[in-house]
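Below is the file entry-v4.txt, which contains compact mmCIF, C-alpha atoms.
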# COMPACT_ATOMS: atom_id res chain seq x y z
CA MET O 1 19.65 22.04 1.56
CA PHE O 2 20.25 18.32 1.45
CA LEU O 3 18.28 15.31 2.65
CA ALA O 4 20.45 12.40 3.76
CA ARG O 5 18.83 8.98 3.93
CA ILE O 6 21.02 6.91 6.21
CA TYR O 7 20.78 3.13 6.58
CA VAL O 8 22.47 1.56 9.57
CA SER O 9 22.59 -2.24 9.88
CA PRO O 10 24.40 -4.73 12.08
CA LYS O 11 27.58 -6.09 10.49
CA PRO O 12 27.05 -9.52 8.91
CA THR O 13 29.06 -11.29 11.63
CA VAL O 14 27.20 -9.60 14.51
CA ASN O 15 24.22 -11.18 16.24
CA ASP O 16 20.89 -9.52 15.46
CA PRO O 17 18.34 -10.63 18.08
CA GLU O 18 15.66 -8.24 16.78
CA GLY O 19 16.03 -9.67 13.28
CA LEU O 20 15.79 -13.23 14.64
CA THR O 21 12.63 -12.34 16.57
CA ILE O 22 11.04 -10.85 13.44
CA LEU O 23 12.06 -13.98 11.47
CA SER O 24 10.43 -16.23 14.06
CA SER O 25 7.27 -14.09 14.17
CA LEU O 26 6.99 -14.14 10.38
CA GLY O 27 7.32 -17.94 10.49
CA GLN O 28 4.47 -18.11 13.00
CA LEU O 29 2.36 -15.93 10.71
CA GLY O 30 2.85 -18.51 7.94
CA TYR O 31 5.72 -16.94 5.99
CA GLN O 32 7.86 -20.07 5.93
CA ASN O 33 9.81 -18.97 2.86
CA VAL O 34 11.46 -16.06 4.64
CA ILE O 35 15.11 -17.10 4.87
CA SER O 36 16.64 -14.32 6.91
CA VAL O 37 15.86 -10.95 8.47
CA ARG O 38 18.32 -8.22 9.45
CA SER O 39 17.03 -5.31 11.42
CA GLY O 40 18.61 -1.85 11.52
CA LYS O 41 17.91 1.86 11.62
CA TYR O 42 16.74 4.27 8.96
CA ILE O 43 17.47 7.93 9.66
CA GLU O 44 16.54 10.96 7.55
CA VAL O 45 18.63 14.06 8.23
CA GLN O 46 18.02 17.46 6.64
CA ILE O 47 21.14 19.59 6.45
CA ASP O 48 21.33 23.25 5.52
CA GLU O 49 24.42 23.11 3.29
CA ILE O 50 25.02 24.47 -0.19
CA HIS O 51 27.88 22.27 -1.38
CA GLU O 52 27.33 18.55 -1.79
CA PRO O 53 30.89 17.50 -0.86
CA THR O 54 30.61 19.41 2.45
CA ALA O 55 27.21 17.86 3.18
CA ARG O 56 28.59 14.40 2.39
CA GLU O 57 31.56 14.95 4.69
CA LYS O 58 29.28 16.11 7.53
CA VAL O 59 27.04 13.07 7.17
CA VAL O 60 30.02 10.71 7.33
CA GLU O 61 31.19 12.50 10.51
CA MET O 62 27.73 12.32 12.10
CA CYS O 63 27.48 8.61 11.33
CA ASP O 64 30.92 7.88 12.75
CA LYS O 65 30.36 9.98 15.88
CA LEU O 66 26.72 9.36 16.75
CA LEU O 67 24.42 7.57 14.35
CA ALA O 68 26.25 4.27 13.94
CA ASN O 69 28.43 2.22 16.23
CA PRO O 70 31.39 1.37 13.96
CA VAL O 71 32.32 -1.65 16.09
CA ILE O 72 29.13 -3.57 15.37
CA GLU O 73 27.30 -1.59 12.70
CA GLU O 74 27.84 -0.54 9.10
CA TYR O 75 26.08 2.27 7.27
CA ARG O 76 25.45 3.69 3.85
CA PHE O 77 23.60 6.81 2.80
CA GLU O 78 22.15 8.74 -0.13
CA LEU O 79 22.17 12.51 -0.46
CA GLU O 80 19.39 14.33 -2.28
CA LYS O 81 19.26 18.06 -2.97
CA VAL O 82 15.98 19.49 -1.65
CA ASN O 83 14.62 23.02 -1.28
CA MET I 1 15.22 -15.55 -4.17
CA PHE I 2 14.55 -11.90 -3.44
CA LEU I 3 16.02 -9.39 -1.02
CA ALA I 4 13.54 -6.79 0.20
CA ARG I 5 14.94 -3.59 1.68
CA ILE I 6 12.16 -2.12 3.79
CA TYR I 7 12.18 1.42 5.19
CA VAL I 8 9.71 2.20 7.95
CA SER I 9 9.38 5.78 9.20
CA PRO I 10 6.98 7.67 11.44
CA LYS I 11 4.25 9.51 9.49
CA PRO I 12 5.06 13.23 9.06
CA THR I 13 2.35 14.27 11.54
CA VAL I 14 3.47 11.83 14.24
CA ASN I 15 5.86 12.80 17.03
CA ASP I 16 9.31 11.26 16.73
CA PRO I 17 11.04 11.56 20.12
CA GLU I 18 14.05 9.51 18.97
CA GLY I 19 14.55 11.83 16.01
CA LEU I 20 14.31 14.89 18.27
CA THR I 21 16.88 13.41 20.64
CA ILE I 22 19.28 12.76 17.76
CA LEU I 23 18.70 16.32 16.49
CA SER I 24 19.52 17.74 19.91
CA SER I 25 22.62 15.54 20.27
CA LEU I 26 23.87 16.58 16.82
CA GLY I 27 23.39 20.22 17.85
CA GLN I 28 25.49 19.63 20.97
CA LEU I 29 28.18 18.03 18.81
CA GLY I 30 28.35 21.27 16.79
CA TYR I 31 26.14 20.37 13.81
CA GLN I 32 23.99 23.50 14.03
CA ASN I 33 22.93 23.31 10.40
CA VAL I 34 20.99 20.09 10.85
CA ILE I 35 17.35 21.17 10.39
CA SER I 36 15.44 18.00 11.16
CA VAL I 37 15.92 14.32 11.92
CA ARG I 38 13.39 11.52 11.48
CA SER I 39 14.23 8.14 12.88
CA GLY I 40 12.81 4.85 11.65
CA LYS I 41 13.60 1.22 10.96
CA TYR I 42 15.50 -0.45 8.15
CA ILE I 43 14.74 -4.13 7.65
CA GLU I 44 16.29 -6.54 5.14
CA VAL I 45 14.20 -9.63 4.40
CA GLN I 46 15.33 -12.52 2.19
CA ILE I 47 12.43 -14.41 0.64
CA ASP I 48 12.62 -17.71 -1.21
CA GLU I 49 10.21 -16.86 -4.06
CA ILE I 50 10.60 -17.25 -7.81
CA HIS I 51 8.06 -14.71 -9.09
CA GLU I 52 8.56 -11.05 -8.34
CA PRO I 53 4.84 -10.16 -8.14
CA THR I 54 4.33 -12.86 -5.48
CA ALA I 55 7.36 -11.67 -3.52
CA ARG I 56 6.12 -8.07 -3.72
CA GLU I 57 2.67 -9.11 -2.48
CA LYS I 58 4.16 -11.05 0.45
CA VAL I 59 6.33 -8.11 1.49
CA VAL I 60 3.31 -5.76 1.48
CA GLU I 61 1.43 -8.28 3.66
CA MET I 62 4.35 -8.65 6.10
CA CYS I 63 4.66 -4.87 6.41
CA ASP I 64 0.94 -4.42 7.03
CA LYS I 65 0.74 -7.29 9.53
CA LEU I 66 4.00 -7.07 11.45
CA LEU I 67 6.80 -4.79 10.31
CA ALA I 68 5.03 -1.42 10.31
CA ASN I 69 2.24 0.03 12.41
CA PRO I 70 -0.05 1.55 9.76
CA VAL I 71 -1.60 3.93 12.30
CA ILE I 72 1.60 5.86 12.96
CA GLU I 73 4.14 4.58 10.42
CA GLU I 74 4.58 4.53 6.67
CA TYR I 75 6.85 2.26 4.68
CA ARG I 76 8.42 1.76 1.29
CA PHE I 77 10.57 -1.05 -0.02
CA GLU I 78 12.79 -2.17 -2.87
CA LEU I 79 12.99 -5.72 -4.18
CA GLU I 80 16.19 -7.11 -5.64
CA LYS I 81 16.64 -10.53 -7.23
CA VAL I 82 19.51 -12.38 -5.53
CA ASN I 83 20.87 -15.93 -5.74
Would you give me this structure, written as structure tokens?
Amino acid sequence: MFLARIYVSPKPTVNDPEGLTILSSLGQLGYQNVISVRSGKYIEVQIDEIHEPTAREKVVEMCDKLLANPVIEEYRFELEKVN
Amino acid sequence: MFLARIYVSPKPTVNDPEGLTILSSLGQLGYQNVISVRSGKYIEVQIDEIHEPTAREKVVEMCDKLLANPVIEEYRFELEKVN
């Protein structure tokens, strides 16, 4: 069994209104030295696979098909063997 | 300057309807060996600080005050020195 930790974020050139809102709110709370905020998704997926390469391949497929929008988002992930 | 990578996820005992929806969608796409999905937020914050302990303290404060809801969410973060 594998645990995939998937991080999806907006591409650098894409607008991120949620990030801008958080940045503005942090400024209002007194955190003036926050320069930028980017907001994305964090998804943990547990997969019942034995072989790491197969698990890795499946995660890439899932990201491309469902979890990330490749037009405006980029993703990376880590795989950890769990029991 | 520091880059904080912050991961916010629902506590294990808390319902995660978004995660359940993703799980169901992955099942419909043919990924029957996906056991569970938890869905959270991934936030990158750039802070103009020189000292790491101060930056770390600020990030904890921001998470507690704004970025995570401590009643239903837990968070962890990594700090990286950037230029």
Within 9 Å of chain I, which residues of chain O show up when using all atoms listed in the file, listed as number ranges by chain?
O: 7-9, 19, 22-23, 25-26, 29, 31-49, 58, 62, 65-67
Show which residues sit within 10 Å of Val14 of chain I, as an MDAnalysis selection string. Count only C-alpha atoms, and ignore same-chain residues fewer than 4 positions away.
chainID I and resid 9:10 71:73
What is the distance, in Å and to one decimal place, between atom CA of Val82 of chain I and atom CA of Thr54 of chain I?
15.2 Å
Between atom CA of Lys81 of chain O and atom CA of Glu78 of chain I, distance in Å (one decimal)
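Atom CA of Glu78 of chain I lies at a distance of 21.2 Å from atom CA of Lys81 of chain O.
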Transformed chain I, reference chain O, in-order C-alpha pairing, as an mmCIF file with C-alpha atoms, in the frame of the given file:
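Generated output (superposed-v2.cif):
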data_model
loop_
_atom_site.group_PDB
_atom_site.id
_atom_site.type_symbol
_atom_site.label_atom_id
_atom_site.label_comp_id
_atom_site.auth_asym_id
_atom_site.auth_seq_id
_atom_site.Cartn_x
_atom_site.Cartn_y
_atom_site.Cartn_z
ATOM 1 C CA MET I 1 19.662 22.051 1.552
ATOM 2 C CA PHE I 2 20.248 18.317 1.445
ATOM 3 C CA LEU I 3 18.290 15.312 2.653
ATOM 4 C CA ALA I 4 20.459 12.397 3.746
ATOM 5 C CA ARG I 5 18.836 8.972 3.917
ATOM 6 C CA ILE I 6 21.024 6.902 6.213
ATOM 7 C CA TYR I 7 20.766 3.121 6.578
ATOM 8 C CA VAL I 8 22.461 1.556 9.579
ATOM 9 C CA SER I 9 22.582 -2.236 9.885
ATOM 10 C CA PRO I 10 24.383 -4.732 12.092
ATOM 11 C CA LYS I 11 27.589 -6.090 10.505
ATOM 12 C CA PRO I 12 27.050 -9.535 8.917
ATOM 13 C CA THR I 13 29.059 -11.286 11.651
ATOM 14 C CA VAL I 14 27.191 -9.603 14.511
ATOM 15 C CA ASN I 15 24.195 -11.188 16.229
ATOM 16 C CA ASP I 16 20.889 -9.502 15.460
ATOM 17 C CA PRO I 17 18.350 -10.621 18.082
ATOM 18 C CA GLU I 18 15.671 -8.235 16.771
ATOM 19 C CA GLY I 19 16.039 -9.676 13.281
ATOM 20 C CA LEU I 20 15.792 -13.229 14.639
ATOM 21 C CA THR I 21 12.644 -12.335 16.563
ATOM 22 C CA ILE I 22 11.052 -10.866 13.435
ATOM 23 C CA LEU I 23 12.067 -13.985 11.469
ATOM 24 C CA SER I 24 10.439 -16.224 14.061
ATOM 25 C CA SER I 25 7.276 -14.088 14.170
ATOM 26 C CA LEU I 26 7.001 -14.139 10.366
ATOM 27 C CA GLY I 27 7.326 -17.937 10.491
ATOM 28 C CA GLN I 28 4.469 -18.114 13.000
ATOM 29 C CA LEU I 29 2.377 -15.908 10.716
ATOM 30 C CA GLY I 30 2.851 -18.495 7.943
ATOM 31 C CA TYR I 31 5.726 -16.922 5.984
ATOM 32 C CA GLN I 32 7.854 -20.074 5.923
ATOM 33 C CA ASN I 33 9.812 -18.974 2.875
ATOM 34 C CA VAL I 34 11.454 -16.056 4.643
ATOM 35 C CA ILE I 35 15.125 -17.105 4.876
ATOM 36 C CA SER I 36 16.656 -14.319 6.921
ATOM 37 C CA VAL I 37 15.866 -10.954 8.470
ATOM 38 C CA ARG I 38 18.323 -8.228 9.454
ATOM 39 C CA SER I 39 17.029 -5.307 11.425
ATOM 40 C CA GLY I 40 18.603 -1.862 11.516
ATOM 41 C CA LYS I 41 17.891 1.847 11.624
ATOM 42 C CA TYR I 42 16.728 4.264 8.959
ATOM 43 C CA ILE I 43 17.461 7.916 9.659
ATOM 44 C CA GLU I 44 16.531 10.955 7.558
ATOM 45 C CA VAL I 45 18.631 14.055 8.225
ATOM 46 C CA GLN I 46 18.012 17.462 6.637
ATOM 47 C CA ILE I 47 21.147 19.589 6.447
ATOM 48 C CA ASP I 48 21.327 23.264 5.546
ATOM 49 C CA GLU I 49 24.422 23.108 3.299
ATOM 50 C CA ILE I 50 25.005 24.484 -0.184
ATOM 51 C CA HIS I 51 27.879 22.281 -1.382
ATOM 52 C CA GLU I 52 27.331 18.573 -1.777
ATOM 53 C CA PRO I 53 30.900 17.531 -0.860
ATOM 54 C CA THR I 54 30.607 19.417 2.454
ATOM 55 C CA ALA I 55 27.216 17.861 3.176
ATOM 56 C CA ARG I 56 28.592 14.399 2.366
ATOM 57 C CA GLU I 57 31.563 14.954 4.687
ATOM 58 C CA LYS I 58 29.296 16.107 7.533
ATOM 59 C CA VAL I 59 27.036 13.075 7.163
ATOM 60 C CA VAL I 60 30.036 10.705 7.320
ATOM 61 C CA GLU I 61 31.195 12.495 10.496
ATOM 62 C CA MET I 62 27.731 12.314 12.103
ATOM 63 C CA CYS I 63 27.485 8.599 11.317
ATOM 64 C CA ASP I 64 30.930 7.870 12.740
ATOM 65 C CA LYS I 65 30.373 9.973 15.870
ATOM 66 C CA LEU I 66 26.736 9.372 16.750
ATOM 67 C CA LEU I 67 24.410 7.572 14.364
ATOM 68 C CA ALA I 68 26.237 4.260 13.938
ATOM 69 C CA ASN I 69 28.436 2.211 16.232
ATOM 70 C CA PRO I 70 31.388 1.361 13.964
ATOM 71 C CA VAL I 71 32.309 -1.656 16.101
ATOM 72 C CA ILE I 72 29.117 -3.577 15.377
ATOM 73 C CA GLU I 73 27.280 -1.585 12.694
ATOM 74 C CA GLU I 74 27.827 -0.536 9.108
ATOM 75 C CA TYR I 75 26.072 2.257 7.266
ATOM 76 C CA ARG I 76 25.419 3.685 3.840
ATOM 77 C CA PHE I 77 23.585 6.815 2.804
ATOM 78 C CA GLU I 78 22.142 8.723 -0.127
ATOM 79 C CA LEU I 79 22.164 12.497 -0.462
ATOM 80 C CA GLU I 80 19.405 14.335 -2.284
ATOM 81 C CA LYS I 81 19.263 18.066 -2.979
ATOM 82 C CA VAL I 82 15.987 19.504 -1.658
ATOM 83 C CA ASN I 83 14.603 23.031 -1.273
#
Separation of atom CA of Thr21 of chain I from atom CA of Phe77 of chain I in Å:
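Those two atoms sit 26.0 Å apart.
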With distances taken over only C-alpha atoms, which of I:Asn83, I:Pro12, I:Tyr75, I:Gly30 is nearest to Val60 of chain I?
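Answer, going by the shortest atom-to-atom distance: I:Tyr75.
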Just add N, CA and C atoms to segment 19-41 of chain O and send it as an mmCIF file, keeping the file's coordinate frame.
data_model
loop_
_atom_site.group_PDB
_atom_site.id
_atom_site.type_symbol
_atom_site.label_atom_id
_atom_site.label_comp_id
_atom_site.auth_asym_id
_atom_site.auth_seq_id
_atom_site.Cartn_x
_atom_site.Cartn_y
_atom_site.Cartn_z
ATOM 1 N N GLY O 19 16.284 -9.023 14.569
ATOM 2 C CA GLY O 19 16.030 -9.670 13.280
ATOM 3 C C GLY O 19 15.555 -11.106 13.455
ATOM 4 N N LEU O 20 16.178 -11.830 14.399
ATOM 5 C CA LEU O 20 15.790 -13.230 14.640
ATOM 6 C C LEU O 20 14.363 -13.314 15.172
ATOM 7 N N THR O 21 13.990 -12.365 16.029
ATOM 8 C CA THR O 21 12.630 -12.340 16.570
ATOM 9 C C THR O 21 11.614 -12.083 15.450
ATOM 10 N N ILE O 22 11.945 -11.128 14.561
ATOM 11 C CA ILE O 22 11.040 -10.850 13.440
ATOM 12 C C ILE O 22 10.920 -12.093 12.553
ATOM 13 N N LEU O 23 12.068 -12.766 12.290
ATOM 14 C CA LEU O 23 12.060 -13.980 11.470
ATOM 15 C C LEU O 23 11.143 -15.028 12.071
ATOM 16 N N SER O 24 11.258 -15.227 13.386
ATOM 17 C CA SER O 24 10.430 -16.230 14.060
ATOM 18 C C SER O 24 8.944 -15.833 14.013
ATOM 19 N N SER O 25 8.658 -14.543 14.216
ATOM 20 C CA SER O 25 7.270 -14.090 14.170
ATOM 21 C C SER O 25 6.678 -14.260 12.772
ATOM 22 N N LEU O 26 7.491 -13.965 11.744
ATOM 23 C CA LEU O 26 6.990 -14.140 10.380
ATOM 24 C C LEU O 26 6.705 -15.612 10.102
ATOM 25 N N GLY O 27 7.561 -16.503 10.628
ATOM 26 C CA GLY O 27 7.320 -17.940 10.490
ATOM 27 C C GLY O 27 5.996 -18.341 11.116
ATOM 28 N N GLN O 28 5.735 -17.801 12.316
ATOM 29 C CA GLN O 28 4.470 -18.110 13.000
ATOM 30 C C GLN O 28 3.264 -17.576 12.255
ATOM 31 N N LEU O 29 3.462 -16.491 11.502
ATOM 32 C CA LEU O 29 2.360 -15.930 10.710
ATOM 33 C C LEU O 29 2.172 -16.683 9.388
ATOM 34 N N GLY O 30 3.017 -17.684 9.129
ATOM 35 C CA GLY O 30 2.850 -18.510 7.940
ATOM 36 C C GLY O 30 3.836 -18.206 6.820
ATOM 37 N N TYR O 31 4.744 -17.261 7.036
ATOM 38 C CA TYR O 31 5.720 -16.940 5.990
ATOM 39 C C TYR O 31 6.956 -17.820 6.150
ATOM 40 N N GLN O 32 6.796 -19.089 5.747
ATOM 41 C CA GLN O 32 7.860 -20.070 5.930
ATOM 42 C C GLN O 32 9.006 -19.848 4.951
ATOM 43 N N ASN O 33 8.756 -19.146 3.861
ATOM 44 C CA ASN O 33 9.810 -18.970 2.860
ATOM 45 C C ASN O 33 10.664 -17.718 3.084
ATOM 46 N N VAL O 34 10.543 -17.129 4.276
ATOM 47 C CA VAL O 34 11.460 -16.060 4.640
ATOM 48 C C VAL O 34 12.729 -16.697 5.187
ATOM 49 N N ILE O 35 13.862 -16.425 4.545
ATOM 50 C CA ILE O 35 15.110 -17.100 4.870
ATOM 51 C C ILE O 35 15.864 -16.380 5.984
ATOM 52 N N SER O 36 15.921 -15.061 5.885
ATOM 53 C CA SER O 36 16.640 -14.320 6.910
ATOM 54 C C SER O 36 16.099 -12.894 7.029
ATOM 55 N N VAL O 37 16.283 -12.320 8.210
ATOM 56 C CA VAL O 37 15.860 -10.950 8.470
ATOM 57 C C VAL O 37 16.994 -10.243 9.203
ATOM 58 N N ARG O 38 17.358 -9.058 8.733
ATOM 59 C CA ARG O 38 18.320 -8.220 9.450
ATOM 60 C C ARG O 38 17.618 -6.916 9.765
ATOM 61 N N SER O 39 17.762 -6.481 10.990
ATOM 62 C CA SER O 39 17.030 -5.310 11.420
ATOM 63 C C SER O 39 17.989 -4.173 11.785
ATOM 64 N N GLY O 40 17.742 -2.994 11.244
ATOM 65 C CA GLY O 40 18.610 -1.850 11.520
ATOM 66 C C GLY O 40 17.827 -0.566 11.654
ATOM 67 N N LYS O 41 18.532 0.546 11.451
ATOM 68 C CA LYS O 41 17.910 1.860 11.620
ATOM 69 C C LYS O 41 17.886 2.600 10.292
#
